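Shown below: query21.txt, with compact mmCIF, C-alpha atoms.
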```txt
# COMPACT_ATOMS: atom_id res chain seq x y z
CA MET A 617 37.07 57.21 131.06
CA THR A 618 39.77 55.10 132.67
CA HIS A 619 37.06 52.68 133.71
CA GLU A 620 35.89 52.37 130.16
CA ARG A 621 39.35 51.62 128.87
CA LYS A 622 39.96 49.06 131.55
CA THR A 623 36.92 46.90 130.86
CA GLU A 624 37.52 47.15 127.17
CA THR A 625 41.13 46.08 127.48
CA VAL A 626 40.47 43.27 129.94
CA GLY A 627 37.74 41.93 127.69
CA THR A 628 40.08 41.63 124.74
CA LYS A 629 43.08 40.58 126.87
CA ARG A 630 45.97 42.97 126.45
CA TYR A 631 48.07 43.43 129.46
CA LEU A 632 51.66 42.23 129.32
CA SER A 633 52.21 38.78 130.74
CA PRO A 634 55.31 38.38 132.94
CA ARG A 635 57.11 36.69 130.10
CA GLU A 636 56.14 39.44 127.70
CA LEU A 637 57.36 42.01 130.20
CA ASP A 638 60.79 40.36 130.23
CA ARG A 639 60.86 40.26 126.46
CA PHE A 640 59.73 43.87 126.29
CA ASN A 641 62.50 44.92 128.68
CA GLU A 642 64.99 42.97 126.62
CA CYS A 643 63.98 43.88 123.06
CA VAL A 644 62.27 47.28 123.19
CA LEU A 645 63.23 49.22 126.30
CA PRO A 646 66.93 49.56 125.36
CA TYR A 647 65.89 51.71 122.39
CA VAL A 648 64.40 54.53 124.41
CA ASP A 649 67.40 56.69 123.41
CA ALA A 650 66.84 56.01 119.72
CA ALA A 651 63.14 56.72 120.18
CA HIS A 652 63.82 60.01 121.91
CA ASN A 653 66.41 61.10 119.37
CA LEU A 654 64.05 60.46 116.46
CA ALA A 655 61.12 62.19 118.16
CA ARG A 656 63.29 65.17 119.01
CA TYR A 657 64.38 65.63 115.39
CA LEU A 658 60.92 65.08 113.97
CA LEU A 659 59.11 67.41 116.37
CA ARG A 660 61.95 69.89 117.04
CA ASP A 661 60.69 70.46 120.55
CA ALA A 662 62.08 68.89 123.71
CA HIS A 663 58.82 68.78 125.63
CA ASP A 664 56.76 67.43 122.74
CA ALA A 665 59.39 64.81 122.03
CA GLU A 666 59.21 63.43 125.57
CA ASP A 667 55.42 63.30 125.43
CA ALA A 668 55.49 61.56 122.07
CA VAL A 669 57.97 58.94 123.27
CA GLN A 670 55.85 58.23 126.30
CA ASP A 671 52.72 57.89 124.12
CA ALA A 672 54.59 55.66 121.71
CA PHE A 673 55.74 53.38 124.53
CA LEU A 674 52.18 53.06 125.83
CA ARG A 675 51.12 52.03 122.35
CA ALA A 676 54.05 49.64 122.08
CA ILE A 677 53.03 48.03 125.37
CA ARG A 678 49.41 47.72 124.25
CA HIS A 679 50.32 46.23 120.90
CA PHE A 680 53.27 44.16 122.03
CA ASP A 681 51.53 40.94 120.97
CA GLY A 682 52.00 42.14 117.38
CA PHE A 683 55.79 42.21 117.78
CA ARG A 684 57.77 39.36 116.22
CA GLY A 685 61.46 38.72 116.26
CA SER A 686 64.11 39.86 118.67
CA ASP A 687 65.19 43.27 117.45
CA GLY A 688 62.62 45.80 118.57
CA ARG A 689 64.38 48.88 117.26
CA ALA A 690 62.69 49.27 113.87
CA TRP A 691 59.37 48.15 115.35
CA LEU A 692 59.53 50.73 118.15
CA LEU A 693 60.80 53.48 115.87
CA SER A 694 57.90 52.99 113.46
CA ILE A 695 55.48 53.54 116.35
CA VAL A 696 57.42 56.60 117.48
CA ARG A 697 57.45 57.91 113.93
CA ASN A 698 53.69 57.49 113.50
CA THR A 699 53.02 59.11 116.87
CA CYS A 700 55.14 62.09 115.85
CA PHE A 701 53.50 62.47 112.45
CA THR A 702 50.07 62.44 114.04
CA ARG A 703 51.24 65.23 116.32
CA LEU A 704 52.65 67.18 113.39
CA GLN A 705 49.34 66.88 111.57
CA GLY A 706 47.61 68.13 114.71
CA ARG A 707 49.88 71.15 114.72
CA ARG A 708 49.11 71.84 111.08
CA SER A 709 45.37 71.60 111.51
CA ILE A 710 45.41 74.14 114.33
CA GLY A 711 47.22 76.43 111.94
CA GLU A 712 50.54 76.59 113.68
CA ASN A 713 53.38 77.99 111.66
CA VAL A 714 55.25 75.04 110.24
CA GLU A 715 57.80 77.03 108.27
CA PHE A 716 58.27 75.71 104.77
CA ASP A 717 57.61 72.05 105.44
CA GLU A 718 54.68 71.70 103.08
CA GLU A 719 56.39 73.59 100.31
CA VAL A 720 59.43 71.38 100.44
CA HIS A 721 57.21 68.36 100.63
CA THR A 722 55.95 69.15 97.15
CA VAL A 723 59.52 69.42 95.90
CA GLU A 724 59.51 65.61 95.69
CA GLU A 725 57.70 65.79 92.36
CA ALA A 726 58.82 69.16 91.14
CA ALA A 727 61.53 70.42 88.83
CA PRO A 728 64.92 71.49 90.25
CA GLY A 729 63.73 75.11 90.44
CA PRO A 730 62.38 75.11 94.00
CA GLU A 731 65.60 73.70 95.39
CA VAL A 732 67.54 76.71 94.20
CA GLU A 733 64.88 78.84 95.78
CA LEU A 734 65.22 76.87 98.98
CA ALA A 735 68.93 77.50 99.06
CA ARG A 736 68.30 81.20 98.64
CA LYS A 737 65.76 81.25 101.47
CA ALA A 738 67.70 79.35 104.02
CA THR A 739 71.32 78.98 104.82
CA ALA A 740 72.36 77.06 107.86
CA GLN A 741 75.48 77.56 109.94
CA SER A 742 75.64 74.05 111.36
CA VAL A 743 74.58 70.60 110.20
CA HIS A 744 72.20 70.52 113.12
CA GLU A 745 70.51 73.70 112.01
CA GLY A 746 70.51 72.51 108.41
CA LEU A 747 68.94 69.23 109.39
CA GLU A 748 66.25 71.00 111.36
CA ARG A 749 65.37 73.11 108.35
CA LEU A 750 64.80 70.22 106.01
CA ALA A 751 61.29 68.95 105.33
CA VAL A 752 60.36 66.39 107.90
CA GLU A 753 60.37 63.49 105.39
CA PHE A 754 63.99 64.19 104.50
CA ARG A 755 65.01 64.86 108.09
CA GLU A 756 63.51 61.56 109.08
CA VAL A 757 65.49 59.41 106.64
CA LEU A 758 68.73 61.27 107.33
CA VAL A 759 68.42 60.82 111.09
CA LEU A 760 67.60 57.13 110.71
CA ARG A 761 70.48 56.61 108.29
CA GLU A 762 73.27 58.79 109.69
CA LEU A 763 72.54 58.92 113.42
CA GLU A 764 70.87 55.55 113.85
CA GLY A 765 72.78 53.67 111.15
CA LEU A 766 69.73 51.80 109.85
CA SER A 767 69.76 50.02 106.48
CA TYR A 768 67.41 51.12 103.70
CA LYS A 769 65.25 48.11 104.42
CA GLU A 770 64.91 49.04 108.08
CA ILE A 771 64.23 52.69 107.24
CA ALA A 772 61.50 51.53 104.85
CA GLN A 773 59.99 49.50 107.68
CA VAL A 774 60.08 52.46 110.07
CA SER A 775 58.67 54.97 107.58
CA GLY A 776 56.18 52.63 105.93
CA VAL A 777 57.36 53.45 102.39
CA PRO A 778 59.06 51.35 99.68
CA ILE A 779 62.85 51.06 99.65
CA GLY A 780 62.96 53.04 96.39
CA THR A 781 61.33 55.98 98.17
CA VAL A 782 63.87 55.76 100.99
CA MET A 783 66.63 55.87 98.40
CA SER A 784 65.27 58.91 96.60
CA ARG A 785 64.44 60.78 99.82
CA LEU A 786 67.97 60.27 101.10
CA ALA A 787 69.45 61.44 97.80
CA ARG A 788 67.25 64.54 97.76
CA GLY A 789 67.69 65.21 101.45
CA ARG A 790 71.46 65.17 101.11
CA LYS A 791 71.34 67.38 98.04
CA GLN A 792 69.18 69.95 99.83
CA LEU A 793 71.30 69.87 102.94
CA LEU A 794 74.44 70.49 100.89
CA LEU A 795 72.70 73.42 99.23
CA ILE A 796 71.62 75.18 102.40
CA LEU A 797 74.72 74.42 104.41
CA VAL A 798 77.48 76.97 104.43
CA PRO A 799 80.82 75.21 103.99
CA GLY A 800 82.00 73.57 107.18
CA PRO A 801 85.19 74.52 109.01
CA LYS A 802 86.88 71.33 107.91
CA GLU A 803 86.44 71.94 104.23
CA ASN A 804 89.44 73.24 102.40
CA GLY A 805 88.16 74.95 99.40
CA MET B 1391 77.73 56.71 81.28
CA LEU B 1392 76.08 60.06 81.87
CA CYS B 1393 77.17 62.10 84.86
CA GLU B 1394 73.54 62.86 85.52
CA ASP B 1395 72.76 59.19 86.07
CA VAL B 1396 75.78 58.76 88.28
CA LEU B 1397 74.89 61.74 90.47
CA GLU B 1398 71.45 60.25 90.93
CA ASP B 1399 72.92 57.11 92.45
CA LEU B 1400 75.76 58.62 94.49
CA SER B 1401 73.78 58.68 97.70
CA ALA B 1402 72.89 54.99 97.52
CA PHE B 1403 76.47 54.23 96.45
CA LEU B 1404 77.72 56.00 99.58
CA ASP B 1405 75.42 53.85 101.72
CA ASP B 1406 76.54 50.70 99.94
CA GLU B 1407 72.95 49.97 98.99
CA LEU B 1408 73.41 49.46 95.23
CA ASP B 1409 73.65 46.07 93.58
CA PRO B 1410 77.28 45.00 92.99
CA VAL B 1411 77.19 45.55 89.20
CA ARG B 1412 75.87 49.10 89.48
CA SER B 1413 78.23 49.79 92.33
CA ARG B 1414 81.24 48.79 90.22
CA GLU B 1415 80.02 50.97 87.35
CA ILE B 1416 79.78 54.00 89.64
CA GLN B 1417 83.22 53.37 91.13
CA HIS B 1418 84.65 53.07 87.64
CA HIS B 1419 83.06 56.38 86.61
CA LEU B 1420 84.28 58.15 89.75
CA ASP B 1421 87.82 57.02 89.03
CA GLY B 1422 87.73 58.91 85.74
CA CYS B 1423 85.43 61.89 86.34
CA VAL B 1424 86.73 64.75 88.47
CA ALA B 1425 83.38 66.56 88.77
CA CYS B 1426 81.47 63.51 89.97
CA ALA B 1427 84.29 62.51 92.29
CA GLU B 1428 84.12 65.96 93.85
CA ALA B 1429 80.36 65.71 94.31
CA PHE B 1430 80.87 62.35 95.96
CA GLY B 1431 83.52 63.81 98.26
CA GLN B 1432 81.10 66.50 99.38
CA MET B 1433 78.43 63.95 100.11
CA LYS B 1434 80.85 61.85 102.09
CA ASP B 1435 81.96 64.88 104.12
CA LEU B 1436 78.34 65.68 104.83
CA ALA B 1437 77.73 62.18 106.16
CA GLY B 1438 80.80 62.51 108.38
CA ARG B 1439 79.67 65.88 109.68
CA LEU B 1440 76.18 64.61 110.42
CA ARG B 1441 77.60 61.77 112.46
CA SER B 1442 80.13 63.83 114.35
CA GLU B 1443 78.41 67.21 114.71
CA ALA B 1444 74.66 66.63 114.87
CA PRO B 1445 73.72 66.05 118.52
CA TYR B 1446 72.27 62.68 119.52
CA HIS B 1447 69.42 63.41 121.90
CA ARG B 1448 69.52 60.68 124.53
CA ALA B 1449 66.40 60.15 126.58
CA PRO B 1450 66.44 61.94 129.94
CA ASP B 1451 66.60 59.58 132.93
CA SER B 1452 63.14 60.63 134.06
CA LEU B 1453 61.64 59.54 130.74
CA ARG B 1454 63.54 56.27 130.82
CA ALA B 1455 62.15 55.60 134.28
CA ARG B 1456 58.59 56.52 133.23
CA VAL B 1457 58.43 54.16 130.26
CA SER B 1458 60.02 51.31 132.16
CA GLN B 1459 57.49 51.84 134.97
CA ALA B 1460 54.63 51.91 132.48
CA ALA B 1461 55.52 48.44 131.21
CA TRP B 1462 55.88 47.11 134.72
CA LYS B 1463 52.58 48.58 135.86
CA ASP B 1464 50.80 47.20 132.82
CA ALA B 1465 52.12 43.72 133.52
CA SER B 1466 51.24 43.83 137.20
CA ARG B 1467 47.70 44.86 136.32
CA SER B 1468 47.16 41.83 134.11
CA ARG B 1469 47.48 39.40 136.97
CA VAL B 1470 45.38 41.26 139.54
CA ALA B 1471 42.68 42.28 137.09
CA GLY B 1472 42.65 38.90 135.38
CA GLN B 1473 42.20 37.01 138.66
CA LEU B 1474 39.46 39.24 139.98
CA VAL B 1475 37.44 39.34 136.80
CA ALA B 1476 37.65 35.61 136.23
CA ALA B 1477 36.66 34.87 139.82
CA ARG B 1478 33.66 37.18 139.87
CA GLY B 1479 32.30 35.88 136.62
CA TRP B 1480 32.43 32.29 137.82
CA LEU B 1481 31.11 31.45 141.21
CA GLY B 1482 29.68 34.41 143.09
CA ALA B 1483 30.30 34.64 146.79
CA ALA B 1484 32.55 31.60 147.28
CA ALA B 1485 34.80 32.62 144.47
CA ALA B 1486 34.81 36.19 145.75
CA ILE B 1487 36.43 34.91 148.94
CA VAL B 1488 38.98 33.04 146.89
CA ALA B 1489 39.57 36.22 144.97
CA VAL B 1490 40.07 38.23 148.16
CA VAL B 1491 42.47 35.66 149.56
CA GLY B 1492 44.21 35.36 146.23
CA GLY B 1493 44.28 39.12 145.97
CA ALA B 1494 45.78 39.45 149.43
CA TRP B 1495 48.38 36.83 148.62
CA PHE B 1496 49.04 38.55 145.39
CA PHE B 1497 49.28 41.91 147.08
CA THR B 1498 51.99 40.74 149.46
CA SER B 1499 53.91 39.11 146.66
CA LEU B 1500 53.50 42.33 144.73
CA GLN B 1501 54.88 44.28 147.66
CA ARG B 1502 57.85 41.97 147.89
CA GLN B 1503 58.40 42.39 144.19
CA GLU B 1504 58.04 46.14 144.52
CA ARG B 1505 60.67 46.16 147.28
CA LEU B 1506 63.08 44.18 145.17
CA GLY B 1507 62.13 46.34 142.21
CA SER B 1508 62.90 49.59 143.99
CA MET B 1509 66.23 48.18 145.20
CA GLU B 1510 66.93 47.17 141.63
CA ARG B 1511 66.18 50.67 140.39
CA GLU B 1512 68.47 52.16 143.01
CA VAL B 1513 71.29 49.83 142.08
CA VAL B 1514 70.90 50.56 138.37
CA SER B 1515 70.79 54.31 138.97
CA SER B 1516 73.96 54.03 140.99
CA HIS B 1517 75.57 52.05 138.17
CA ILE B 1518 74.54 54.70 135.63
CA ARG B 1519 75.71 57.53 137.88
CA SER B 1520 79.13 55.90 138.30
CA LEU B 1521 79.49 55.75 134.51
CA MET B 1522 78.13 59.21 133.81
CA ALA B 1523 80.07 61.18 136.33
CA SER B 1524 83.23 59.26 135.37
CA HIS B 1525 83.48 58.42 139.01
CA LEU B 1526 83.87 54.72 138.52
CA THR B 1527 86.46 54.13 141.20
CA ASP B 1528 87.82 55.80 144.33
CA ILE B 1529 90.73 53.41 144.31
CA ALA B 1530 91.85 52.30 140.86
CA SER B 1531 93.83 49.12 141.03
CA THR B 1532 93.81 45.69 139.46
CA ASP B 1533 95.34 44.24 142.61
CA GLN B 1534 92.94 42.74 145.15
CA HIS B 1535 95.56 43.28 147.88
CA THR B 1536 95.39 47.01 147.24
CA VAL B 1537 91.63 47.30 146.87
CA LYS B 1538 90.56 45.18 149.85
CA PRO B 1539 92.60 47.02 152.53
CA TRP B 1540 91.46 50.34 151.08
CA PHE B 1541 87.96 49.63 152.45
CA ASN B 1542 89.36 49.25 156.00
CA GLY B 1543 87.97 51.93 158.26
CA LYS B 1544 85.55 53.10 155.60
CA LEU B 1545 83.02 50.31 156.12
CA ASP B 1546 81.82 48.33 159.12
CA PHE B 1547 82.51 45.09 157.24
CA SER B 1548 85.24 43.72 155.02
CA PRO B 1549 84.00 42.93 151.52
CA PRO B 1550 85.41 39.96 149.64
CA VAL B 1551 87.44 41.11 146.65
CA PRO B 1552 87.94 38.12 144.34
CA GLU B 1553 90.62 38.14 141.68
CA LEU B 1554 89.01 37.08 138.38
CA SER B 1555 91.30 38.44 135.68
CA THR B 1556 92.41 34.97 134.59
CA SER B 1557 88.76 34.23 133.76
CA GLY B 1558 88.49 37.38 131.64
CA TYR B 1559 87.09 39.72 134.27
CA PRO B 1560 89.91 42.02 135.39
CA LEU B 1561 89.34 44.05 138.53
CA ILE B 1562 89.37 47.79 137.81
CA GLY B 1563 89.03 49.14 141.31
CA GLY B 1564 86.75 49.89 144.21
CA ARG B 1565 84.50 52.68 145.33
CA LEU B 1566 82.46 53.66 148.33
CA ASP B 1567 78.77 54.00 147.51
CA TYR B 1568 75.58 54.67 149.44
CA LEU B 1569 72.49 52.53 149.02
CA ARG B 1570 69.45 52.46 151.27
CA GLY B 1571 71.13 55.01 153.51
CA ARG B 1572 74.14 52.85 154.30
CA PRO B 1573 77.67 52.83 152.94
CA VAL B 1574 78.35 49.81 150.75
CA ALA B 1575 81.33 48.49 148.86
CA ALA B 1576 81.26 48.83 145.09
CA LEU B 1577 83.72 46.75 143.09
CA VAL B 1578 84.25 47.42 139.43
CA TYR B 1579 85.16 44.68 137.00
CA GLN B 1580 85.54 44.81 133.27
CA HIS B 1581 84.66 42.30 130.59
CA ARG B 1582 85.63 43.29 127.07
CA LYS B 1583 84.16 46.81 126.77
CA HIS B 1584 81.54 46.31 129.48
CA TRP B 1585 81.73 47.65 133.01
CA ILE B 1586 80.34 45.56 135.82
CA ASN B 1587 79.45 47.15 139.14
CA VAL B 1588 79.19 44.83 142.15
CA PHE B 1589 77.55 46.31 145.24
CA ILE B 1590 78.25 44.36 148.41
CA TRP B 1591 76.94 44.61 151.96
CA PRO B 1592 76.22 42.17 154.80
CA ASP B 1593 72.84 40.46 154.87
CA GLU B 1594 73.23 37.81 157.54
CA GLU B 1595 69.60 36.74 157.67
CA ALA B 1596 69.31 35.76 154.04
CA ALA B 1597 70.02 32.20 152.93
CA ASP B 1598 72.33 31.61 149.98
CA SER B 1599 70.37 32.20 146.79
CA GLU B 1600 70.55 33.61 143.33
CA THR B 1601 67.83 35.51 141.52
CA PRO B 1602 67.86 35.12 137.73
CA PRO B 1603 68.98 38.19 135.79
CA ARG B 1604 66.38 40.89 135.41
CA THR B 1605 66.40 43.83 133.09
CA GLN B 1606 66.09 47.39 134.27
CA LYS B 1607 66.46 50.33 131.87
CA GLY B 1608 68.33 48.08 129.49
CA TYR B 1609 70.80 46.90 132.15
CA HIS B 1610 70.92 43.41 133.61
CA VAL B 1611 70.74 43.01 137.35
CA ILE B 1612 71.46 39.91 139.44
CA LEU B 1613 71.08 39.54 143.20
CA GLU B 1614 73.21 36.88 144.89
CA THR B 1615 73.28 36.20 148.59
CA HIS B 1616 76.18 34.09 149.71
CA GLY B 1617 77.98 33.62 152.99
CA GLY B 1618 75.98 36.35 154.72
CA MET B 1619 76.67 38.93 152.05
CA ALA B 1620 74.31 40.40 149.47
CA TYR B 1621 75.83 41.02 146.05
CA TRP B 1622 73.97 43.19 143.57
CA ILE B 1623 75.60 42.80 140.18
CA VAL B 1624 74.72 45.19 137.38
CA SER B 1625 76.03 45.64 133.86
CA ASP B 1626 75.04 46.08 130.24
CA LEU B 1627 76.79 42.76 129.57
CA ASN B 1628 74.44 40.10 128.16
CA SER B 1629 72.55 38.08 130.77
CA GLU B 1630 74.28 34.72 130.14
CA GLU B 1631 77.77 36.10 130.64
CA LEU B 1632 76.66 38.16 133.60
CA SER B 1633 75.19 35.02 135.24
CA ALA B 1634 78.46 33.21 134.64
CA PHE B 1635 80.33 36.12 136.19
CA ALA B 1636 77.97 36.13 139.19
CA ARG B 1637 78.61 32.45 139.88
CA LEU B 1638 82.34 32.92 139.49
CA LEU B 1639 82.29 35.90 141.83
CA VAL B 1640 80.55 34.23 144.77
CA THR B 1641 81.60 30.61 144.40
CA GLY B 1642 84.91 30.96 142.57
CA ARG B 1643 83.75 28.40 140.01
```

In structure tokens, write the structure found in this file.
Amino acid sequence: MTHERKTETVGTKRYLSPRELDRFNECVLPYVDAAHNLARYLLRDAHDAEDAVQDAFLRAIRHFDGFRGSDGRAWLLSIVRNTCFTRLQGRRSIGENVEFDEEVHTVEEAAPGPEVELARKATAQSVHEGLERLAVEFREVLVLRELEGLSYKEIAQVSGVPIGTVMSRLARGRKQLLLILVPGPKENG
Amino acid sequence: MLCEDVLEDLSAFLDDELDPVRSREIQHHLDGCVACAEAFGQMKDLAGRLRSEAPYHRAPDSLRARVSQAAWKDASRSRVAGQLVAARGWLGAAAAIVAVVGGAWFFTSLQRQERLGSMEREVVSSHIRSLMASHLTDIASTDQHTVKPWFNGKLDFSPPVPELSTSGYPLIGGRLDYLRGRPVAALVYQHRKHWINVFIWPDEEAADSETPPRTQKGYHVILETHGGMAYWIVSDLNSEELSAFARLLVTGR
């Protein structure tokens, strides 16, 4: 198996050259924290998140010749994101309990009704808990925006969706989070 | 303007991602509409809470080391594998000998690199540890005449402690550290918000030299040997400024 991969990869090039290694260390490696944070929120499991980040880095190394520019953050995060979503799909297909992810996913197109229902089903004591309860598509954009500070354009690049979708997912994600969150200690009302 | 439309755009308004005309319209509406202004306040609070309360899951050190190793291993494979495959395909036996010799040469250079690499990793880990444990200095002083004598009796050599604050690199202090099973001097300098750790120990056999900055776990590392001393310099400062600092440190220029 390893033998097979080796011949295949040598035949079509694809090992990092020394110069590429330096560029990789400069432009991509510093974002291992961002990669891990995203994976951790998407997968909600510490062990899975580490595995996914490692997989994503192997893919990033293999496909480094496709990287242009000097800021590797969005590029790396899109690989991490895709790795995580593949894992989530794997979980779904083996019938693991994924809470109400799919239901909320359909909320995108639906009337306001289900959101009220959502609020009834789930209240969260902390923002962290609230965030973890959101559908993965909303969690994703909120983490990229609030914890990573990415622009809409960068989030669109990471998630592979149009900027308009980023905008509406953030709006909906925030609305849902406000609904399920019990008022924080700092609020005075 | 309808409140409904405004509420729709509040999130993008908060992120400053609306076009200027629309943005002004929303601001104008918020100035006059208590209900929408309240909704906006809630959204703003939420953003603040997310930033301050939601944990940021940094990568564990072991993971950081694994991915950095993976890149290094991949790159080292390209040269060995590339040479061997090319040689075999070309000229049969004669080239095979070349490949073996080349391989052997490569192997020793790889070993040398590996040795430097493992030293580099140790130095970077030590740098990270000093920042994490908030144990940056044993003796905190910006005065070289306080820091230098402090090492007396703690080390079997007397490390140079240059004063570089006029060049923008104030001395923060000194610390005793252990690398490769021996006590070494660690000097801490600061440049803007960046910490620079300088690890010093005697290396009398090495000629004066400077290795160009290398990156390890996102930190830059420079090895200088000068006047029978080895200086390992590590920081998250950008590589140009760190090189300038390295030159200043050992040559004073």

Near B:Leu1404, counting only C-alpha atoms, which residues have an atom at most 9 Å away, once you skip same-chain residues fewer than 4 positions from it, shown as a PyMOL selection string?
chain B and resi 1399-1400+1408+1430+1433-1434

Env of B:Ile1623: 6 Å cut, atoms = only C-alpha atoms, seq-sep filter 3 positions within chain, self excluded. Answer as a PyMOL selection string.
chain B and resi 1587-1588+1611-1612

Would you mind reading off the distance between atom CA of B:Gly1563 and atom CA of B:Pro1539, one decimal, in Å?
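The value is 12.0 Å.
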
Select residues of chain A: the criterion is any atom within 8 Å of an atom of chain B, counting all atoms listed in the file; output as a ChimeraX atom specification.
/A:626,630-634,637-638,640-642,645-646,648-653,656,666,670,673-674,677,743-744,762-763,768,783,786-787,790,794

At most 12 Å from (77.4, 32.7, 137.6), file frame, all atoms listed in the file: which residues, as a list in words?
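Every residue inside that radius is included here: Ser1599, Glu1600, Thr1601, Pro1602, Pro1603, Ile1612, Leu1613, Glu1614, Tyr1621, Ile1623, Ser1629, Glu1630, Glu1631, Leu1632, Ser1633, Ala1634, Phe1635, Ala1636, Arg1637, Leu1638, Leu1639, Val1640, Thr1641, Gly1642 and Arg1643 of chain B.
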
With all atoms listed in the file as the counted atoms, please give the residues lying no more than 7 Å from A:Leu797, apart from itself and same-chain residues fewer than 3 positions off, as a PyMOL selection string.
chain A and resi 739-741+743+746+793-794

So that I can see what lies close to B:Leu1577, please list as a ChimeraX atom specification the residues with an atom at most 9 Å from it, counting all atoms listed in the file and leaving out residues fewer than 2 positions away in the same chain.
/B:1527,1537,1551,1561-1566,1575,1579,1586-1590

When you count all atoms listed in the file, which of these residues is closest to A:Gln792: A:Glu764, A:Pro778, A:Leu758, A:Trp691?
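For A:Gln792, the nearest of the candidates is A:Leu758.
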
Distance atom CA of B:Asp1421-atom CA of A:Thr781, one decimal place?
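Result for atom CA of B:Asp1421 versus atom CA of A:Thr781: 28.0 Å, one decimal.
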
Can you tell me, as JSON, the centre and edge lengths (Å, one decimal) of the axis-aligned box enclosing all of stretch 1611-1614 of chain B's listed atoms after padding each side by 8 Å?
```
{"center_x": 72.0, "center_y": 39.9, "center_z": 141.1, "size_x": 18.5, "size_y": 22.1, "size_z": 23.5}
```

Atom CA of A:Asp667 to atom CA of A:Glu748: how many Å, to one decimal?
19.4 Å
